[in-house]
Amino acid sequence: NIWKVATLGRLRWTIENQGFNTQKNQGYGMGHKYSRKNFWAMGNYYQLTQIGHLINQLTEKLQKVKELLSESGQSWKLLFVDMLACMRKENIDPPELESAIQKYKQLRYT
């Protein structure tokens, strides 16, 4: 059990370090102190940087979806109609949902 916890902890550190590395070295300016006198201003800047990075990642993922849609000849509207139909069709039992929630704490797209 200890080995499993340690492995999961290292995996989480790896994921977090990738995000911090991107924010520090790829144009987000995390290495610069934008407010040396006010801790709250520095915290606000960091939170806005996190939001900006998240929006950037979502935009990149949507670009890949857009390319796949254009290759398949489908439209966005048809994609969402199909997704809604799948969600309406499937029934998930509460124990199955609880098991999935306990098993998967973090989703990561590669």
# chains A, B, ... in the order shown; residues from 1 in each chain; ligands from 1
>>> select_by_dssp(residues="stretch 3-98 of chain A", states="helix (DSSP H, G or I)", output="PyMOL selection string")
chain A and resi 3-25+39-72+76-89+94-98
>>> atom_distance(atom1="atom CA of A:Phe20", atom2="atom CA of A:Glu67")
28.1 Å
>>> atom_distance(atom1="atom CA of A:Glu98", atom2="atom CA of A:Gly19")
29.0 Å
>>> atom_distance(atom1="atom CA of A:Leu8", atom2="atom CA of A:Gln102")
14.1 Å
